[in-house]
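work_35.cif follows (mmCIF, C-alpha atoms and all ligand atoms):
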```cif
data_structure
#
loop_
_atom_site.group_PDB
_atom_site.id
_atom_site.type_symbol
_atom_site.label_atom_id
_atom_site.label_comp_id
_atom_site.auth_asym_id
_atom_site.auth_seq_id
_atom_site.Cartn_x
_atom_site.Cartn_y
_atom_site.Cartn_z
ATOM 1 C CA MET B 1 11.517 -36.222 -18.775
ATOM 2 C CA THR B 2 10.974 -33.188 -16.580
ATOM 3 C CA ILE B 3 7.447 -31.885 -16.087
ATOM 4 C CA ILE B 4 6.937 -28.192 -15.405
ATOM 5 C CA LEU B 5 4.416 -27.551 -12.610
ATOM 6 C CA ASP B 6 2.457 -24.804 -14.329
ATOM 7 C CA GLY B 7 1.097 -22.614 -11.533
ATOM 8 C CA LYS B 8 -0.357 -20.115 -13.978
ATOM 9 C CA LYS B 9 -2.535 -22.776 -15.577
ATOM 10 C CA SER B 10 -3.673 -24.338 -12.290
ATOM 11 C CA ALA B 11 -4.389 -20.922 -10.761
ATOM 12 C CA HIS B 12 -6.391 -19.907 -13.821
ATOM 13 C CA LEU B 13 -8.708 -22.905 -13.367
ATOM 14 C CA ILE B 14 -9.190 -22.154 -9.654
ATOM 15 C CA ILE B 15 -9.905 -18.486 -10.399
ATOM 16 C CA GLU B 16 -12.433 -19.287 -13.143
ATOM 17 C CA ASN B 17 -14.229 -21.569 -10.699
ATOM 18 C CA ILE B 18 -14.293 -18.841 -8.025
ATOM 19 C CA LYS B 19 -15.657 -16.335 -10.578
ATOM 20 C CA LYS B 20 -18.522 -18.694 -11.453
ATOM 21 C CA LYS B 21 -19.401 -19.340 -7.796
ATOM 22 C CA THR B 22 -19.205 -15.616 -6.948
ATOM 23 C CA ALA B 23 -21.499 -14.642 -9.815
ATOM 24 C CA ASN B 24 -24.281 -16.674 -8.149
ATOM 25 C CA LEU B 25 -23.950 -15.035 -4.737
ATOM 26 C CA LYS B 26 -26.445 -12.503 -3.424
ATOM 27 C CA GLU B 27 -23.697 -10.242 -2.101
ATOM 28 C CA LYS B 28 -20.039 -9.858 -3.003
ATOM 29 C CA PRO B 29 -17.412 -11.320 -0.655
ATOM 30 C CA GLY B 30 -15.190 -8.561 0.784
ATOM 31 C CA LEU B 31 -11.419 -8.743 1.203
ATOM 32 C CA ALA B 32 -9.629 -6.083 3.273
ATOM 33 C CA VAL B 33 -5.863 -5.750 2.842
ATOM 34 C CA ILE B 34 -3.708 -3.689 5.186
ATOM 35 C CA LEU B 35 -0.292 -2.448 4.095
ATOM 36 C CA ALA B 36 2.019 -0.873 6.673
ATOM 37 C CA ASN B 37 5.407 -1.052 5.019
ATOM 38 C CA ASN B 38 7.264 0.829 2.271
ATOM 39 C CA ASN B 39 8.735 -2.345 0.784
ATOM 40 C CA PRO B 40 8.295 -2.058 -3.037
ATOM 41 C CA ALA B 41 7.665 -5.828 -3.392
ATOM 42 C CA SER B 42 4.893 -5.700 -0.741
ATOM 43 C CA ARG B 43 3.271 -2.807 -2.609
ATOM 44 C CA ILE B 44 3.266 -4.845 -5.807
ATOM 45 C CA TYR B 45 1.810 -7.904 -4.004
ATOM 46 C CA VAL B 46 -0.964 -5.812 -2.465
ATOM 47 C CA GLY B 47 -1.738 -4.241 -5.863
ATOM 48 C CA THR B 48 -2.000 -7.721 -7.410
ATOM 49 C CA LYS B 49 -4.258 -8.959 -4.587
ATOM 50 C CA GLU B 50 -6.569 -5.973 -5.090
ATOM 51 C CA LYS B 51 -6.704 -6.431 -8.863
ATOM 52 C CA LYS B 52 -7.352 -10.183 -8.693
ATOM 53 C CA ALA B 53 -10.009 -9.810 -5.974
ATOM 54 C CA LYS B 54 -11.908 -7.356 -8.172
ATOM 55 C CA GLU B 55 -11.436 -9.604 -11.195
ATOM 56 C CA VAL B 56 -13.301 -12.492 -9.523
ATOM 57 C CA GLY B 57 -16.105 -10.189 -8.399
ATOM 58 C CA PHE B 58 -15.123 -9.495 -4.773
ATOM 59 C CA ASN B 59 -15.161 -6.125 -3.072
ATOM 60 C CA SER B 60 -11.591 -5.127 -2.312
ATOM 61 C CA TYR B 61 -10.628 -2.658 0.408
ATOM 62 C CA VAL B 62 -6.989 -1.586 0.719
ATOM 63 C CA TYR B 63 -5.700 0.417 3.712
ATOM 64 C CA LYS B 64 -2.210 1.901 3.484
ATOM 65 C CA PHE B 65 -0.391 3.269 6.537
ATOM 66 C CA ASP B 66 2.790 5.338 6.681
ATOM 67 C CA GLU B 67 5.761 4.953 9.015
ATOM 68 C CA ASN B 68 4.234 7.282 11.620
ATOM 69 C CA THR B 69 1.491 4.764 12.345
ATOM 70 C CA GLY B 70 1.405 2.927 15.676
ATOM 71 C CA ASN B 71 -0.003 -0.492 16.574
ATOM 72 C CA GLU B 72 -3.139 1.123 18.059
ATOM 73 C CA GLN B 73 -4.257 2.745 14.784
ATOM 74 C CA ILE B 74 -3.986 -0.514 12.885
ATOM 75 C CA ILE B 75 -5.664 -2.504 15.657
ATOM 76 C CA GLU B 76 -8.466 0.070 15.754
ATOM 77 C CA LEU B 77 -9.050 -0.418 12.006
ATOM 78 C CA ILE B 78 -8.964 -4.223 12.390
ATOM 79 C CA LYS B 79 -11.561 -4.043 15.190
ATOM 80 C CA LYS B 80 -13.846 -2.087 12.846
ATOM 81 C CA LEU B 81 -13.275 -4.594 10.028
ATOM 82 C CA ASN B 82 -14.008 -7.468 12.448
ATOM 83 C CA GLU B 83 -17.475 -5.945 12.945
ATOM 84 C CA ASP B 84 -18.032 -4.947 9.304
ATOM 85 C CA SER B 85 -20.529 -7.295 7.642
ATOM 86 C CA LYS B 86 -19.197 -6.345 4.171
ATOM 87 C CA VAL B 87 -15.774 -7.836 4.995
ATOM 88 C CA GLN B 88 -15.191 -11.584 5.369
ATOM 89 C CA GLY B 89 -11.425 -11.683 4.897
ATOM 90 C CA ILE B 90 -8.756 -9.522 6.560
ATOM 91 C CA LEU B 91 -5.124 -9.704 5.449
ATOM 92 C CA VAL B 92 -2.208 -7.819 6.992
ATOM 93 C CA GLN B 93 0.604 -7.799 4.450
ATOM 94 C CA LEU B 94 3.889 -8.885 6.054
ATOM 95 C CA PRO B 95 6.469 -7.724 6.877
ATOM 96 C CA LEU B 96 5.285 -4.659 8.777
ATOM 97 C CA PHE B 97 7.320 -1.533 9.598
ATOM 98 C CA SER B 98 9.869 -2.777 12.156
ATOM 99 C CA HIS B 99 8.449 -0.682 15.049
ATOM 100 C CA LEU B 100 5.064 -2.430 14.759
ATOM 101 C CA SER B 101 4.118 -5.597 16.645
ATOM 102 C CA GLU B 102 3.238 -8.343 14.187
ATOM 103 C CA SER B 103 1.850 -10.586 16.931
ATOM 104 C CA LYS B 104 -0.381 -7.904 18.530
ATOM 105 C CA ILE B 105 -1.760 -6.883 15.144
ATOM 106 C CA ILE B 106 -2.372 -10.428 13.861
ATOM 107 C CA GLU B 107 -3.981 -11.427 17.177
ATOM 108 C CA SER B 108 -6.492 -8.582 16.864
ATOM 109 C CA ILE B 109 -7.991 -10.169 13.709
ATOM 110 C CA ASP B 110 -11.183 -12.164 14.293
ATOM 111 C CA PRO B 111 -10.008 -15.781 13.612
ATOM 112 C CA LYS B 112 -13.136 -16.243 11.472
ATOM 113 C CA LYS B 113 -11.908 -13.439 9.158
ATOM 114 C CA ASP B 114 -8.226 -14.417 9.242
ATOM 115 C CA VAL B 115 -7.859 -15.116 5.518
ATOM 116 C CA ASP B 116 -4.121 -15.900 5.839
ATOM 117 C CA GLY B 117 -4.572 -18.383 8.683
ATOM 118 C CA PHE B 118 -1.900 -16.570 10.710
ATOM 119 C CA HIS B 119 -3.902 -16.062 13.942
ATOM 120 C CA PRO B 120 -2.602 -18.339 16.756
ATOM 121 C CA ILE B 121 -6.041 -20.014 16.978
ATOM 122 C CA ASN B 122 -5.888 -20.986 13.305
ATOM 123 C CA VAL B 123 -2.208 -21.971 13.512
ATOM 124 C CA GLY B 124 -3.157 -24.208 16.452
ATOM 125 C CA LYS B 125 -6.105 -25.711 14.582
ATOM 126 C CA LEU B 126 -3.959 -26.465 11.543
ATOM 127 C CA ASN B 127 -1.293 -28.170 13.636
ATOM 128 C CA LEU B 128 -3.798 -30.122 15.714
ATOM 129 C CA GLY B 129 -5.735 -31.165 12.614
ATOM 130 C CA LEU B 130 -8.929 -29.731 14.128
ATOM 131 C CA ASP B 131 -12.033 -28.682 12.181
ATOM 132 C CA PHE B 132 -11.974 -26.023 9.457
ATOM 133 C CA CYS B 133 -9.375 -23.267 9.555
ATOM 134 C CA PRO B 134 -8.108 -20.987 6.769
ATOM 135 C CA ILE B 135 -4.842 -22.424 5.462
ATOM 136 C CA PRO B 136 -1.894 -20.089 4.753
ATOM 137 C CA CYS B 137 -2.032 -19.235 1.066
ATOM 138 C CA THR B 138 1.410 -20.229 -0.236
ATOM 139 C CA PRO B 139 1.509 -23.721 1.349
ATOM 140 C CA LYS B 140 -2.130 -24.304 0.411
ATOM 141 C CA GLY B 141 -1.352 -23.341 -3.198
ATOM 142 C CA ILE B 142 1.652 -25.671 -3.307
ATOM 143 C CA ILE B 143 -0.342 -28.682 -2.068
ATOM 144 C CA ARG B 144 -3.063 -27.883 -4.602
ATOM 145 C CA LEU B 145 -0.520 -27.614 -7.437
ATOM 146 C CA LEU B 146 1.039 -30.986 -6.541
ATOM 147 C CA LYS B 147 -2.425 -32.564 -6.382
ATOM 148 C CA ASP B 148 -3.338 -31.096 -9.768
ATOM 149 C CA TYR B 149 -0.419 -33.098 -11.166
ATOM 150 C CA GLN B 150 -1.528 -36.244 -9.257
ATOM 151 C CA ILE B 151 1.625 -36.226 -7.156
ATOM 152 C CA SER B 152 1.148 -38.327 -4.032
ATOM 153 C CA LEU B 153 2.998 -37.176 -0.930
ATOM 154 C CA GLU B 154 2.386 -40.244 1.211
ATOM 155 C CA GLY B 155 5.649 -41.651 2.551
ATOM 156 C CA LYS B 156 7.713 -39.156 0.533
ATOM 157 C CA ASN B 157 10.822 -37.712 2.076
ATOM 158 C CA ALA B 158 10.086 -33.949 2.015
ATOM 159 C CA VAL B 159 12.588 -31.239 2.865
ATOM 160 C CA VAL B 160 11.273 -27.718 3.488
ATOM 161 C CA ILE B 161 13.950 -25.020 3.478
ATOM 162 C CA GLY B 162 12.820 -22.053 5.565
ATOM 163 C CA ARG B 163 11.036 -21.900 8.915
ATOM 164 C CA SER B 164 8.863 -18.800 8.522
ATOM 165 C CA ASN B 165 5.339 -18.614 9.924
ATOM 166 C CA ILE B 166 4.128 -17.647 6.428
ATOM 167 C CA VAL B 167 5.560 -20.591 4.474
ATOM 168 C CA GLY B 168 7.983 -23.006 6.160
ATOM 169 C CA LYS B 169 6.050 -24.000 9.301
ATOM 170 C CA PRO B 170 2.567 -24.297 7.752
ATOM 171 C CA MET B 171 4.104 -26.078 4.742
ATOM 172 C CA ALA B 172 5.608 -28.682 7.070
ATOM 173 C CA ALA B 173 2.246 -29.107 8.848
ATOM 174 C CA LEU B 174 0.430 -29.668 5.544
ATOM 175 C CA LEU B 175 3.040 -32.124 4.254
ATOM 176 C CA LEU B 176 2.738 -34.056 7.515
ATOM 177 C CA LYS B 177 -1.039 -34.115 7.091
ATOM 178 C CA GLU B 178 -0.434 -35.682 3.668
ATOM 179 C CA SER B 179 1.693 -38.362 5.413
ATOM 180 C CA ALA B 180 5.062 -37.179 4.075
ATOM 181 C CA THR B 181 8.172 -37.552 6.237
ATOM 182 C CA VAL B 182 9.159 -33.952 6.860
ATOM 183 C CA THR B 183 12.471 -32.247 7.562
ATOM 184 C CA ILE B 184 12.630 -28.489 8.113
ATOM 185 C CA ALA B 185 15.979 -26.961 7.203
ATOM 186 C CA HIS B 186 16.903 -23.309 7.741
ATOM 187 C CA SER B 187 19.713 -20.764 7.742
ATOM 188 C CA LYS B 188 21.578 -22.535 10.582
ATOM 189 C CA THR B 189 21.277 -26.013 9.064
ATOM 190 C CA LYS B 190 24.636 -27.675 8.488
ATOM 191 C CA ASP B 191 25.475 -29.509 5.268
ATOM 192 C CA LEU B 192 22.243 -28.545 3.507
ATOM 193 C CA PRO B 193 23.047 -30.332 0.197
ATOM 194 C CA ILE B 194 23.519 -33.628 2.082
ATOM 195 C CA ILE B 195 19.992 -33.267 3.500
ATOM 196 C CA THR B 196 18.332 -32.081 0.289
ATOM 197 C CA LYS B 197 20.024 -34.804 -1.786
ATOM 198 C CA LYS B 198 18.000 -37.404 0.152
ATOM 199 C CA ALA B 199 14.716 -35.611 -0.534
ATOM 200 C CA ASP B 200 11.966 -36.889 -2.841
ATOM 201 C CA ILE B 201 10.523 -33.398 -2.670
ATOM 202 C CA ILE B 202 12.290 -30.111 -1.944
ATOM 203 C CA ILE B 203 10.348 -26.957 -1.123
ATOM 204 C CA SER B 204 12.662 -23.985 -0.957
ATOM 205 C CA ALA B 205 11.496 -20.754 0.682
ATOM 206 C CA THR B 206 14.647 -18.827 1.548
ATOM 207 C CA GLY B 207 14.686 -15.812 -0.777
ATOM 208 C CA ILE B 208 18.355 -16.588 -1.545
ATOM 209 C CA PRO B 209 18.803 -16.336 -5.333
ATOM 210 C CA HIS B 210 19.773 -19.646 -6.968
ATOM 211 C CA LEU B 211 20.691 -21.319 -3.670
ATOM 212 C CA ILE B 212 19.541 -24.692 -4.970
ATOM 213 C CA LYS B 213 22.043 -25.974 -7.518
ATOM 214 C CA GLU B 214 22.302 -29.266 -9.358
ATOM 215 C CA ASN B 215 24.394 -30.833 -6.527
ATOM 216 C CA PHE B 216 21.533 -30.262 -3.998
ATOM 217 C CA VAL B 217 19.127 -32.525 -5.844
ATOM 218 C CA GLN B 218 18.850 -36.253 -6.493
ATOM 219 C CA THR B 219 17.685 -37.430 -9.920
ATOM 220 C CA GLY B 220 13.892 -37.588 -10.092
ATOM 221 C CA ALA B 221 13.240 -35.197 -7.181
ATOM 222 C CA ILE B 222 10.214 -32.885 -7.161
ATOM 223 C CA VAL B 223 11.377 -29.294 -6.734
ATOM 224 C CA VAL B 224 9.154 -26.405 -5.648
ATOM 225 C CA ASP B 225 10.563 -22.878 -5.645
ATOM 226 C CA VAL B 226 8.875 -20.332 -3.360
ATOM 227 C CA GLY B 227 11.533 -17.621 -3.778
ATOM 228 C CA ILE B 228 10.699 -14.515 -5.797
ATOM 229 C CA ILE B 229 13.720 -12.251 -6.132
ATOM 230 C CA LYS B 230 14.481 -9.410 -8.537
ATOM 231 C CA ASN B 231 18.102 -9.708 -9.717
ATOM 232 C CA LYS B 232 20.420 -6.858 -10.772
ATOM 233 C CA GLU B 233 19.061 -6.940 -14.315
ATOM 234 C CA GLY B 234 15.502 -6.574 -12.984
ATOM 235 C CA LYS B 235 14.643 -10.171 -13.871
ATOM 236 C CA ILE B 236 12.518 -12.267 -11.468
ATOM 237 C CA ILE B 237 14.410 -15.346 -10.322
ATOM 238 C CA GLY B 238 13.900 -17.905 -7.560
ATOM 239 C CA ASP B 239 15.777 -19.922 -4.913
ATOM 240 C CA VAL B 240 16.308 -22.638 -7.506
ATOM 241 C CA ASP B 241 18.795 -22.469 -10.364
ATOM 242 C CA PHE B 242 16.169 -23.654 -12.834
ATOM 243 C CA SER B 243 18.469 -24.254 -15.800
ATOM 244 C CA GLU B 244 20.679 -26.627 -13.740
ATOM 245 C CA VAL B 245 18.084 -28.292 -11.519
ATOM 246 C CA SER B 246 15.456 -28.880 -14.208
ATOM 247 C CA LYS B 247 17.881 -31.342 -15.846
ATOM 248 C CA LYS B 248 17.604 -33.643 -12.805
ATOM 249 C CA ALA B 249 14.103 -33.011 -11.398
ATOM 250 C CA SER B 250 11.030 -35.073 -12.323
ATOM 251 C CA TYR B 251 8.732 -32.107 -11.607
ATOM 252 C CA ILE B 252 9.744 -28.488 -11.060
ATOM 253 C CA THR B 253 8.020 -25.132 -10.644
ATOM 254 C CA PRO B 254 9.181 -22.247 -12.832
ATOM 255 C CA THR B 255 9.787 -18.778 -11.403
ATOM 256 C CA PRO B 256 7.781 -16.752 -12.247
ATOM 257 C CA GLY B 257 4.644 -18.716 -13.117
ATOM 258 C CA GLY B 258 4.882 -21.418 -10.451
ATOM 259 C CA VAL B 259 4.059 -20.814 -6.797
ATOM 260 C CA GLY B 260 3.198 -17.079 -7.094
ATOM 261 C CA PRO B 261 -0.088 -17.456 -9.023
ATOM 262 C CA MET B 262 -1.117 -20.353 -6.725
ATOM 263 C CA THR B 263 -0.702 -18.113 -3.658
ATOM 264 C CA ILE B 264 -3.090 -15.532 -5.110
ATOM 265 C CA ALA B 265 -5.596 -18.209 -6.166
ATOM 266 C CA SER B 266 -5.521 -19.640 -2.616
ATOM 267 C CA LEU B 267 -6.151 -16.207 -1.139
ATOM 268 C CA LEU B 268 -9.247 -15.799 -3.299
ATOM 269 C CA ASP B 269 -10.345 -19.335 -2.447
ATOM 270 C CA ASN B 270 -9.918 -18.646 1.296
ATOM 271 C CA THR B 271 -11.915 -15.408 0.985
ATOM 272 C CA LEU B 272 -14.796 -17.195 -0.714
ATOM 273 C CA GLU B 273 -14.672 -19.991 1.856
ATOM 274 C CA LEU B 274 -14.800 -17.514 4.763
ATOM 275 C CA TYR B 275 -17.682 -15.720 3.067
ATOM 276 C CA LEU B 276 -19.643 -18.980 2.680
ATOM 277 C CA ARG B 277 -18.915 -19.924 6.303
ATOM 278 C CA SER B 278 -20.115 -16.524 7.493
ATOM 279 C CA LEU B 279 -23.565 -17.421 6.105
ATOM 280 C CA GLU B 280 -23.790 -20.636 8.168
HETATM 281 N N1 LIG N 301 4.090 -11.594 2.806
HETATM 282 C C1 LIG N 301 4.607 -12.553 1.995
HETATM 283 N N2 LIG N 301 3.706 -13.540 1.789
HETATM 284 C C2 LIG N 301 2.594 -13.201 2.483
HETATM 285 C C3 LIG N 301 1.319 -13.821 2.639
HETATM 286 O O1 LIG N 301 1.015 -14.900 2.116
HETATM 287 N N3 LIG N 301 0.448 -13.150 3.438
HETATM 288 C C4 LIG N 301 0.766 -11.979 4.046
HETATM 289 N N4 LIG N 301 -0.145 -11.409 4.829
HETATM 290 N N5 LIG N 301 1.942 -11.374 3.922
HETATM 291 C C5 LIG N 301 2.845 -11.984 3.132
#
```

Would you put the structure from the file into structure tokens?
Amino acid sequence: MTIILDGKKSAHLIIENIKKKTANLKEKPGLAVILANNNPASRIYVGTKEKKAKEVGFNSYVYKFDENTGNEQIIELIKKLNEDSKVQGILVQLPLFSHLSESKIIESIDPKKDVDGFHPINVGKLNLGLDFCPIPCTPKGIIRLLKDYQISLEGKNAVVIGRSNIVGKPMAALLLKESATVTIAHSKTKDLPIITKKADIIISATGIPHLIKENFVQTGAIVVDVGIIKNKEGKIIGDVDFSEVSKKASYITPTPGGVGPMTIASLLDNTLELYLRSLE
């Protein structure tokens, strides 16, 4: 029997819990989101983040920049937000316009307000297993979803496909922390199906529609699909060919309704956590 990892349901529970905790706070947590890109998908993501932040009772501040913006203007805004006591979480939606410097902009965020966990200090803390750091939202949401279904990762052979700073690398770090044996595959990996066929758990984050077919997966594997792609018919599909792979998997995320809602829930959770830490 295949079990669907219902991200919508898990995220709903997390969000209800955040709402309850927020209702008891003296002041509202504040989340600032910066968008410097014309990518239609990024605009939708930012709109969803704003809507969900308001829904749980946070203050949401969205800053949109056009293509004439330079690094300095964005860094200037971030410096102001770093000092703003109404803001506890700062998120720079990626990717940025190609002329902008992702590293300079991310590094200007106060690590204590880095709600994505993308600042090098937080990346370092995560990889060293040091004290608290905000954990990148998509990998955090995936670990939470697996735990909600009592899936143990200890000793599991995990294959992450994709080596981005947003998903692949932090995902590998978190899986390692859970004592999985981790392989990171990517666009230059040879014989990908041979590697994925040995996996107990596959986490695919490539953005390549239906890359993962039935022949990539061993019977009983756990399959997590991070891809969100609009196909020619305007339908949202993932990296995983769900109709084929779900016949072999023990657990599988649907797309939509799997990883996406967990990413948003993790963002809200990180914002609340940074808010609570700012009071300490
Ligand atoms: N672009 C795609 N996913 C993410 C994310 O989790 N955070 C940010 N900042 N940008 C993204």

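Taking only C-alpha atoms into account, the protein, DNA and RNA residues within 12 Å of (-25.9, -4.1, 4.4) read B:Lys26, B:Glu27, B:Lys28, B:Asp84, B:Ser85, B:Lys86, B:Val87.
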
Report, as JSON, the axis-aligned box around all atoms of ligand LIG 301 (chain N) present in the file, extended by 6 Å on each side; give centre and edge lengths in Å to one decimal place.
```
{"center_x": 2.2, "center_y": -13.1, "center_z": 3.3, "size_x": 16.8, "size_y": 15.5, "size_z": 15.0}
```

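For the structure in this document, the set picked by the PyMOL selection byres (((not hetatm)) within 7 of (chain N and resi 301)) is Ser42, Leu91, Val92, Gln93, Leu94, Pro95, Asp116, Pro136, Cys137, Thr138, Ile166 and Thr263 of chain B.
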
Residues matched by the PyMOL selection byres (((chain B and resi 193) around 9) and not hetatm), written as a JSON list (two decimals) with C-alpha atoms, in the frame of the given file:
```
[["chain", "number", "residue", "atom", "x", "y", "z"],
["B", 190, "LYS", "CA", 24.64, -27.68, 8.49],
["B", 191, "ASP", "CA", 25.48, -29.51, 5.27],
["B", 192, "LEU", "CA", 22.24, -28.54, 3.51],
["B", 194, "ILE", "CA", 23.52, -33.63, 2.08],
["B", 195, "ILE", "CA", 19.99, -33.27, 3.50],
["B", 196, "THR", "CA", 18.33, -32.08, 0.29],
["B", 197, "LYS", "CA", 20.02, -34.80, -1.79],
["B", 198, "LYS", "CA", 18.00, -37.40, 0.15],
["B", 212, "ILE", "CA", 19.54, -24.69, -4.97],
["B", 213, "LYS", "CA", 22.04, -25.97, -7.52],
["B", 215, "ASN", "CA", 24.39, -30.83, -6.53],
["B", 216, "PHE", "CA", 21.53, -30.26, -4.00],
["B", 217, "VAL", "CA", 19.13, -32.52, -5.84]]
```

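Atom pair atom CA of B:Thr183 / atom CA of B:Ile143: separated by 16.4 Å.
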